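Q: Coordinates in my_file.txt, compact mmCIF, C-alpha atoms, are listed below.
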# COMPACT_ATOMS: atom_id res chain seq x y z
CA MET A 201 -48.65 18.85 13.52
CA VAL A 202 -44.99 19.69 13.51
CA HIS A 203 -42.62 17.15 11.99
CA ALA A 204 -41.56 15.28 15.18
CA GLY A 205 -45.22 15.16 16.16
CA MET A 206 -46.14 13.70 12.77
CA VAL A 207 -43.67 10.81 13.07
CA HIS A 208 -44.74 10.10 16.64
CA ALA A 209 -48.40 10.19 15.61
CA LEU A 210 -47.70 7.66 12.85
CA GLU A 211 -45.94 5.41 15.39
CA GLU A 212 -48.98 5.63 17.65
CA ILE A 213 -51.34 4.90 14.75
CA HIS A 214 -49.26 1.79 14.04
CA ARG A 215 -49.80 0.70 17.64
CA LEU A 216 -53.56 1.31 17.55
CA LEU A 217 -54.13 -0.55 14.28
CA LYS A 218 -54.94 -4.23 14.17
CA PRO A 219 -52.25 -6.22 12.31
CA ASP A 220 -54.48 -6.54 9.25
CA GLY A 221 -55.78 -2.97 9.46
CA CYS A 222 -54.88 0.02 7.34
CA LEU A 223 -54.10 3.71 7.54
CA ILE A 224 -55.77 6.11 5.12
CA ASP A 225 -53.96 9.41 4.83
CA ILE A 226 -55.53 12.36 3.03
CA HIS A 227 -53.45 15.47 2.76
CA PRO A 228 -53.01 18.41 0.41
CA PHE A 229 -50.50 18.16 -2.33
CA ILE A 230 -48.58 20.97 -3.94
CA GLY A 231 -50.82 22.94 -6.27
CA GLU A 232 -53.71 25.24 -5.40
CA PHE A 233 -55.67 27.52 -7.69
CA ILE A 234 -58.27 30.23 -7.51
CA GLU A 235 -60.60 29.85 -10.47
CA VAL A 236 -63.78 31.30 -11.88
CA HIS A 237 -66.20 28.75 -13.33
CA GLN A 238 -69.16 29.41 -15.55
CA GLY A 239 -70.84 26.06 -15.72
CA ARG A 240 -68.17 23.64 -16.87
CA LYS A 241 -66.04 26.36 -18.38
CA ILE A 242 -63.06 27.78 -16.45
CA THR A 243 -62.75 31.45 -17.35
CA PHE A 244 -60.05 32.45 -14.87
CA ALA A 245 -57.33 30.47 -13.08
CA GLU A 246 -54.41 31.60 -11.03
CA ALA A 247 -52.05 29.46 -8.99
CA VAL A 248 -51.87 30.25 -5.30
CA PRO A 249 -48.27 31.02 -4.30
CA ALA A 250 -46.42 28.09 -2.80
CA PHE A 251 -46.58 29.37 0.78
CA ASN A 252 -47.76 26.01 2.13
CA ASP A 253 -45.02 23.87 0.67
CA GLU A 254 -43.21 23.45 3.97
CA ASP A 255 -46.23 21.86 5.71
CA ILE A 256 -46.68 19.49 2.78
CA ARG A 257 -42.99 18.63 2.61
CA GLN A 258 -42.98 17.79 6.32
CA ALA A 259 -45.99 15.50 5.97
CA GLU A 260 -44.43 13.73 2.99
CA ASP A 261 -41.14 13.41 4.86
CA ALA A 262 -42.84 11.93 7.95
CA LEU A 263 -44.64 9.35 5.80
CA ALA A 264 -41.42 8.49 3.98
CA ARG A 265 -39.64 8.07 7.29
CA VAL A 266 -42.12 5.51 8.70
CA VAL A 267 -42.05 3.61 5.41
CA GLN A 268 -38.26 3.57 5.49
CA ARG A 269 -38.38 2.25 9.07
CA GLN A 270 -40.73 -0.49 7.81
CA LEU A 271 -43.56 0.54 10.11
CA PHE A 272 -45.86 0.93 7.10
CA LEU A 273 -46.05 -0.22 3.52
CA ILE A 274 -47.77 2.08 0.99
CA GLU A 275 -50.26 -0.14 -0.81
CA ARG A 276 -51.87 2.49 -3.03
CA ALA A 277 -51.82 6.24 -3.51
CA ALA A 278 -53.77 8.48 -5.85
CA PRO A 279 -54.16 12.19 -6.48
CA PHE A 280 -57.55 13.87 -6.61
CA ASP A 281 -58.96 17.36 -7.06
CA PHE A 282 -60.84 18.99 -4.21
CA LEU A 283 -62.97 21.97 -5.18
CA ILE A 284 -64.82 24.48 -3.03
CA TYR A 285 -67.37 26.66 -4.85
CA ALA A 286 -68.72 30.02 -3.69
CA SER A 287 -70.98 32.50 -5.36
CA SER A 288 -68.73 35.42 -4.41
CA VAL A 289 -65.26 36.20 -3.16
CA VAL A 290 -66.79 37.47 0.10
CA GLU A 291 -68.47 34.10 0.66
CA LEU A 292 -65.29 32.16 -0.06
CA ARG A 293 -63.41 34.40 2.35
CA ALA A 294 -66.09 33.84 5.02
CA TYR A 295 -65.78 30.09 4.52
CA PHE A 296 -62.03 30.24 5.16
CA ASP A 297 -62.56 32.42 8.22
CA GLU A 298 -64.90 29.77 9.62
CA ALA A 299 -62.49 26.96 8.74
CA ASN A 300 -59.70 28.81 10.50
CA ALA A 301 -61.71 28.73 13.71
CA PHE A 302 -60.86 25.05 14.12
CA ASP A 303 -57.66 24.59 12.21
CA GLU A 304 -54.26 25.02 13.75
CA SER A 305 -52.43 25.16 10.43
CA SER A 306 -51.83 28.44 8.66
CA ARG A 307 -52.95 26.92 5.38
CA ASP A 308 -56.51 28.23 5.27
CA GLU A 309 -55.44 31.55 6.74
CA MET A 310 -52.88 32.03 3.99
CA ALA A 311 -55.36 30.95 1.34
CA ALA A 312 -57.89 33.43 2.71
CA ALA A 313 -55.31 36.22 2.53
CA TRP A 314 -54.53 35.30 -1.05
CA VAL A 315 -58.22 35.22 -1.97
CA LEU A 316 -58.47 38.77 -0.64
CA GLU A 317 -55.44 39.88 -2.63
CA LEU A 318 -56.85 38.35 -5.80
CA ALA A 319 -60.35 39.63 -5.10
CA PRO A 320 -60.47 42.58 -7.52
CA ARG A 321 -59.31 40.47 -10.46
CA VAL A 322 -61.55 37.53 -9.54
CA GLU A 323 -64.58 39.79 -9.19
CA GLU A 324 -63.82 41.33 -12.57
CA ALA A 325 -63.53 37.83 -14.07
CA MET A 326 -66.87 36.87 -12.47
CA ARG A 327 -68.58 39.94 -13.91
CA ALA A 328 -67.14 39.13 -17.33
CA ALA A 329 -68.30 35.50 -17.03
CA GLY A 330 -71.84 36.65 -16.37
CA GLU A 331 -74.66 35.52 -14.11
CA GLY A 332 -74.15 32.21 -12.33
CA ALA A 333 -70.36 32.38 -12.32
CA GLU A 334 -68.71 30.91 -9.23
CA VAL A 335 -65.33 31.44 -7.59
CA VAL A 336 -63.60 28.14 -6.91
CA TYR A 337 -60.79 27.20 -4.57
CA HIS A 338 -59.17 24.26 -6.31
CA GLU A 339 -56.87 22.15 -4.18
CA LYS A 340 -54.76 19.22 -5.28
CA ALA A 341 -54.78 16.40 -2.74
CA LYS A 342 -53.40 12.92 -2.30
CA ILE A 343 -54.93 9.87 -0.65
CA SER A 344 -52.82 6.90 0.41
CA ARG A 345 -53.61 3.49 1.81
CA MET A 346 -50.88 2.15 4.08
CA LYS A 347 -50.57 -1.25 5.71
CA PRO A 348 -48.88 -1.64 9.10
CA ARG A 349 -45.92 -3.99 9.12
CA ARG A 350 -45.10 -6.12 12.14
CA MET B 262 -73.83 31.80 2.39
CA ILE B 263 -73.87 29.27 -0.43
CA ILE B 264 -70.72 27.19 -0.35
CA ARG B 265 -70.44 23.92 -2.19
CA ILE B 266 -67.66 21.67 -0.94
CA ASP B 267 -66.50 18.95 -3.28
CA PRO B 268 -69.87 18.58 -5.04
CA GLU B 269 -68.16 16.19 -7.48
CA ASN B 270 -67.55 13.85 -4.50
CA SER B 271 -63.95 13.43 -5.63
CA GLU B 272 -62.76 12.84 -2.08
CA THR B 273 -65.42 10.21 -1.38
CA HIS B 274 -64.78 8.43 -4.67
CA ALA B 275 -61.04 8.37 -3.94
CA LEU B 276 -61.72 7.06 -0.42
CA PHE B 277 -64.15 4.34 -1.50
CA ASP B 278 -61.77 3.32 -4.25
CA LEU B 279 -59.22 2.43 -1.57
CA LEU B 280 -61.40 0.90 1.10
CA ASP B 281 -64.58 -1.02 1.80
CA PHE B 282 -65.86 0.33 5.13
CA ARG B 283 -68.38 -2.43 5.75
CA GLY B 284 -67.91 -3.89 9.23
CA GLN B 285 -64.83 -1.80 9.99
CA ARG B 286 -63.96 -0.15 13.29
CA VAL B 287 -62.67 3.27 12.27
CA LEU B 288 -60.70 5.98 14.02
CA GLU B 289 -60.81 9.33 12.23
CA ILE B 290 -58.17 11.82 13.35
CA GLY B 291 -59.02 15.47 12.74
CA SER B 292 -62.67 14.91 11.97
CA GLY B 293 -63.48 18.65 12.11
CA ASP B 294 -67.21 19.17 11.65
CA ALA B 295 -67.52 15.54 10.43
CA ARG B 296 -67.95 16.56 6.78
CA LEU B 297 -66.08 13.42 5.67
CA THR B 298 -67.34 11.23 8.53
CA TRP B 299 -70.96 11.42 7.35
CA ARG B 300 -69.91 10.03 3.97
CA TYR B 301 -68.73 6.63 5.24
CA ALA B 302 -70.10 6.22 8.79
CA GLY B 303 -73.27 4.50 7.64
CA MET B 304 -71.22 1.61 6.32
CA ALA B 305 -68.75 1.21 9.18
CA ALA B 306 -69.38 -0.93 12.25
CA HIS B 307 -68.23 1.88 14.54
CA VAL B 308 -66.51 5.25 14.19
CA THR B 309 -64.44 7.07 16.78
CA ALA B 310 -63.94 10.63 15.58
CA ILE B 311 -61.47 12.87 17.37
CA GLU B 312 -60.97 16.58 16.93
CA PRO B 313 -58.99 18.94 19.18
CA PHE B 314 -61.07 22.02 18.31
CA SER B 315 -64.36 22.16 20.18
CA GLU B 316 -66.08 24.23 17.47
CA GLY B 317 -65.77 21.33 15.05
CA ILE B 318 -67.03 18.74 17.53
CA LEU B 319 -70.01 20.92 18.51
CA LYS B 320 -71.00 21.39 14.89
CA ALA B 321 -70.65 17.65 14.25
CA GLN B 322 -72.77 16.75 17.28
CA GLU B 323 -75.45 19.23 16.22
CA ASN B 324 -75.66 17.59 12.81
CA LEU B 325 -75.36 13.97 13.94
CA PRO B 326 -78.12 12.00 12.17
CA ASP B 327 -80.31 9.89 14.47
CA GLU B 328 -79.51 6.71 12.57
CA LEU B 329 -75.79 7.16 13.33
CA ARG B 330 -76.06 8.00 17.04
CA ASP B 331 -75.20 4.50 18.24
CA ARG B 332 -72.42 4.14 15.70
CA ILE B 333 -70.30 7.28 16.12
CA GLU B 334 -68.56 8.65 19.17
CA PHE B 335 -66.93 12.07 19.12
CA HIS B 336 -64.01 13.02 21.33
CA ASN B 337 -62.89 16.60 21.78
CA THR B 338 -59.24 15.74 22.31
CA SER B 339 -55.85 15.72 20.68
CA PHE B 340 -54.57 12.53 19.10
CA GLU B 341 -51.66 12.45 21.57
CA GLU B 342 -54.06 12.37 24.54
CA PHE B 343 -56.38 9.90 22.86
CA ALA B 344 -53.55 7.52 21.92
CA ALA B 345 -52.02 7.66 25.39
CA ALA B 346 -55.29 6.39 26.85
CA SER B 347 -55.95 3.75 24.18
CA LYS B 348 -55.19 0.04 24.09
CA PRO B 349 -53.18 -1.35 21.15
CA SER B 350 -54.62 -3.12 18.11
CA VAL B 351 -58.20 -1.89 18.38
CA PHE B 352 -58.93 -0.27 15.00
CA ASP B 353 -59.32 -1.78 11.54
CA VAL B 354 -58.92 1.60 9.90
CA VAL B 355 -57.32 4.88 10.92
CA ILE B 356 -58.04 7.94 8.78
CA LEU B 357 -55.76 10.94 8.91
CA SER B 358 -58.27 13.43 7.60
CA TRP B 359 -56.24 16.35 6.25
CA SER B 360 -54.58 16.36 9.65
CA LEU B 361 -50.98 15.21 9.18
If you convert what's in this file into structure tokens, what do you get?

A:
Amino acid sequence: MVHAGMVHALEEIHRLLKPDGCLIDIHPFIGEFIEVHQGRKITFAEAVPAFNDEDIRQAEDALARVVQRQLFLIERAAPFDFLIYASSVVELRAYFDEANAFDESSRDEMAAAWVLELAPRVEEAMRAAGEGAEVVYHEKAKISRMKPRR
Amino acid sequence: MIIRIDPENSETHALFDLLDFRGQRVLEIGSGDARLTWRYAGMAAHVTAIEPFSEGILKAQENLPDELRDRIEFHNTSFEEFAAASKPSVFDVVILSWSL
């Protein structure tokens, strides 16, 4: 969604919710990493460049705007880590290609491009980590519970 | 292809920490292939899942468990179109599922 669309969507959500209902928003937060895991051990980690910050900033701004207008009250919010594991860089790339098929944002596309760019170093790290190593796309996310105000 | 998505269930734990779905009428916006929907739908009274991309809806419908058939309805539509055709004050919960 573009910014104006986000605010309008939040207005419409307010209309569709019962007065005692709630909105749960889950969206990515700044901070993504490509990692190599061997069991519980992280043997390689590199931050993904901040190419998605604008999308995230717009979402945060839209939420802040409807709170400021007293359409919603943020009751609770919490960060969490969202991890996607693959047994090879090729598989992780294929996953992003599939995700891109039904995602209008450039987020997964950019992540896929970065995975490809990092591929030689990740594959080397996986070889060094030994059998059973996995490549992991590690995304920081935020979940919020918001109450509509009348 | 062996892909494991959130095997720690961090997303589900975070969601259930914020909300008890029992008896709730839920609208999920941007349900994709219903990866998240399956996690809570069994507890909700009813789920309306909307997704503008048909690939996601088709995959979700293919994987719809029999026990959830009378509890979930999928709509291949944008939120704008869905909202324009919807009455006010009908949902207990709206989930923006990585879609804002």

Q: Of the candidates A:Glu317, A:Asp297, A:Glu246, A:Asp261, which shows the shortest atom-to-atom distance to Ile234 in chain A, using all atoms listed in the file?

A: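 Of A:Glu317, A:Asp297, A:Glu246, A:Asp261, the one nearest Ile234 in chain A, counting all atoms listed in the file, is A:Glu246.
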
Q: So which residues touch Pro313 in chain B within 8 Å, counting all atoms listed in the file, skipping near sequence neighbours fewer than 5 positions away, as a list in words?

A: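 Near neighbours after the sequence-gap exclusion: Gly291, Asn337, Thr338, Ser339 and Phe340 of chain B.
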
Q: Provide the CA of Ala245 in chain A to CA of Ala277 in chain A distance in Å, to one decimal place.

A: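 Interatomic distance here is 26.6 Å.
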
Q: Tell me which protein, DNA and RNA residues are within 12 Å of Ala328 in chain A, counting only C-alpha atoms, leaving out same-chain ones fewer than 4 positions away, and put them as a PyMOL selection string.

A: chain A and resi 236-238+243-244+321-324+332-334

Q: Grab the CA of Glu232 in chain A to CA of Leu276 in chain B distance for me, in Å with one decimal place.

A: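 Between CA of Glu232 in chain A and CA of Leu276 in chain B the gap works out to 20.5 Å.
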
Q: Using all atoms listed in the file for the distances, tell me which of A:Ile226, A:Val315, A:Ile256, A:Met326 is nearest to Thr273 in chain B.

A: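 Using all atoms listed in the file, the shortest distance to Thr273 in chain B belongs to A:Ile226.
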
Q: Could you work out how far CA of Glu211 in chain A lies from CA of Asp331 in chain B, giving the answer in Å with one decimal?

A: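 CA of Asp331 in chain B sits 29.4 Å away from CA of Glu211 in chain A.
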
Q: What are the residues of chain A lining chain B at 8 Å or less? Count only C-alpha atoms, and put the answer as a ChimeraX atom specification.

A: /A:201,206,209,212-213,215-228,259,276,278,280-287,291-292,295,301-303,343,345

Q: Check the smallest atom-to-atom distance from each of B:Gly284, B:Leu319, B:Phe277, B:Glu342 to Arg300 in chain B using all atoms listed in the file, then report the winner.

A: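 Under the stated criterion, the closest residue is B:Phe277.
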
Q: Could you pull the residues within 12 Å of Arg330 in chain B, counting only C-alpha atoms, minus those fewer than 3 positions along the same chain, as a list in words?

A: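 The residues that qualify are Trp299, Ala302, Gly303, His307, Val308, Thr309, Ala321, Gln322, Glu323, Asn324, Leu325, Pro326, Asp327, Ile333, Glu334 and Phe335 of chain B.
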
Q: Padding 6 Å on every side, please: axis-aligned box over the listed atoms of range 334-344 of chain A, centre and edge lengths to one decimal in Å, as AutoDock Vina command-line options.

A:
--center_x -60.8 --center_y 19.2 --center_z -4.4 --size_x 27.9 --size_y 36.5 --size_z 21.6

Q: Excluding Arg349 in chain A and its own-chain neighbours fewer than 5 positions away, which residues fall within 9 Å of it when counting only C-alpha atoms? Please give them as a list in words.

A: His214, Pro219, Asp220, Gln270, Leu271, Phe272 and Leu273 of chain A

Q: So that I can see what lies close to Ile230 in chain A, please list as a list in words the residues with an atom at most 10 Å from it, counting only C-alpha atoms and leaving out residues fewer than 2 positions away in the same chain.

A: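 So the residues in contact are His227, Pro228, Glu232, Val248, Ala250, Phe251, Asn252, Asp253, Glu254, Asp255, Ile256, Arg257, Glu339, Lys340, Ala341 and Lys342 of chain A.
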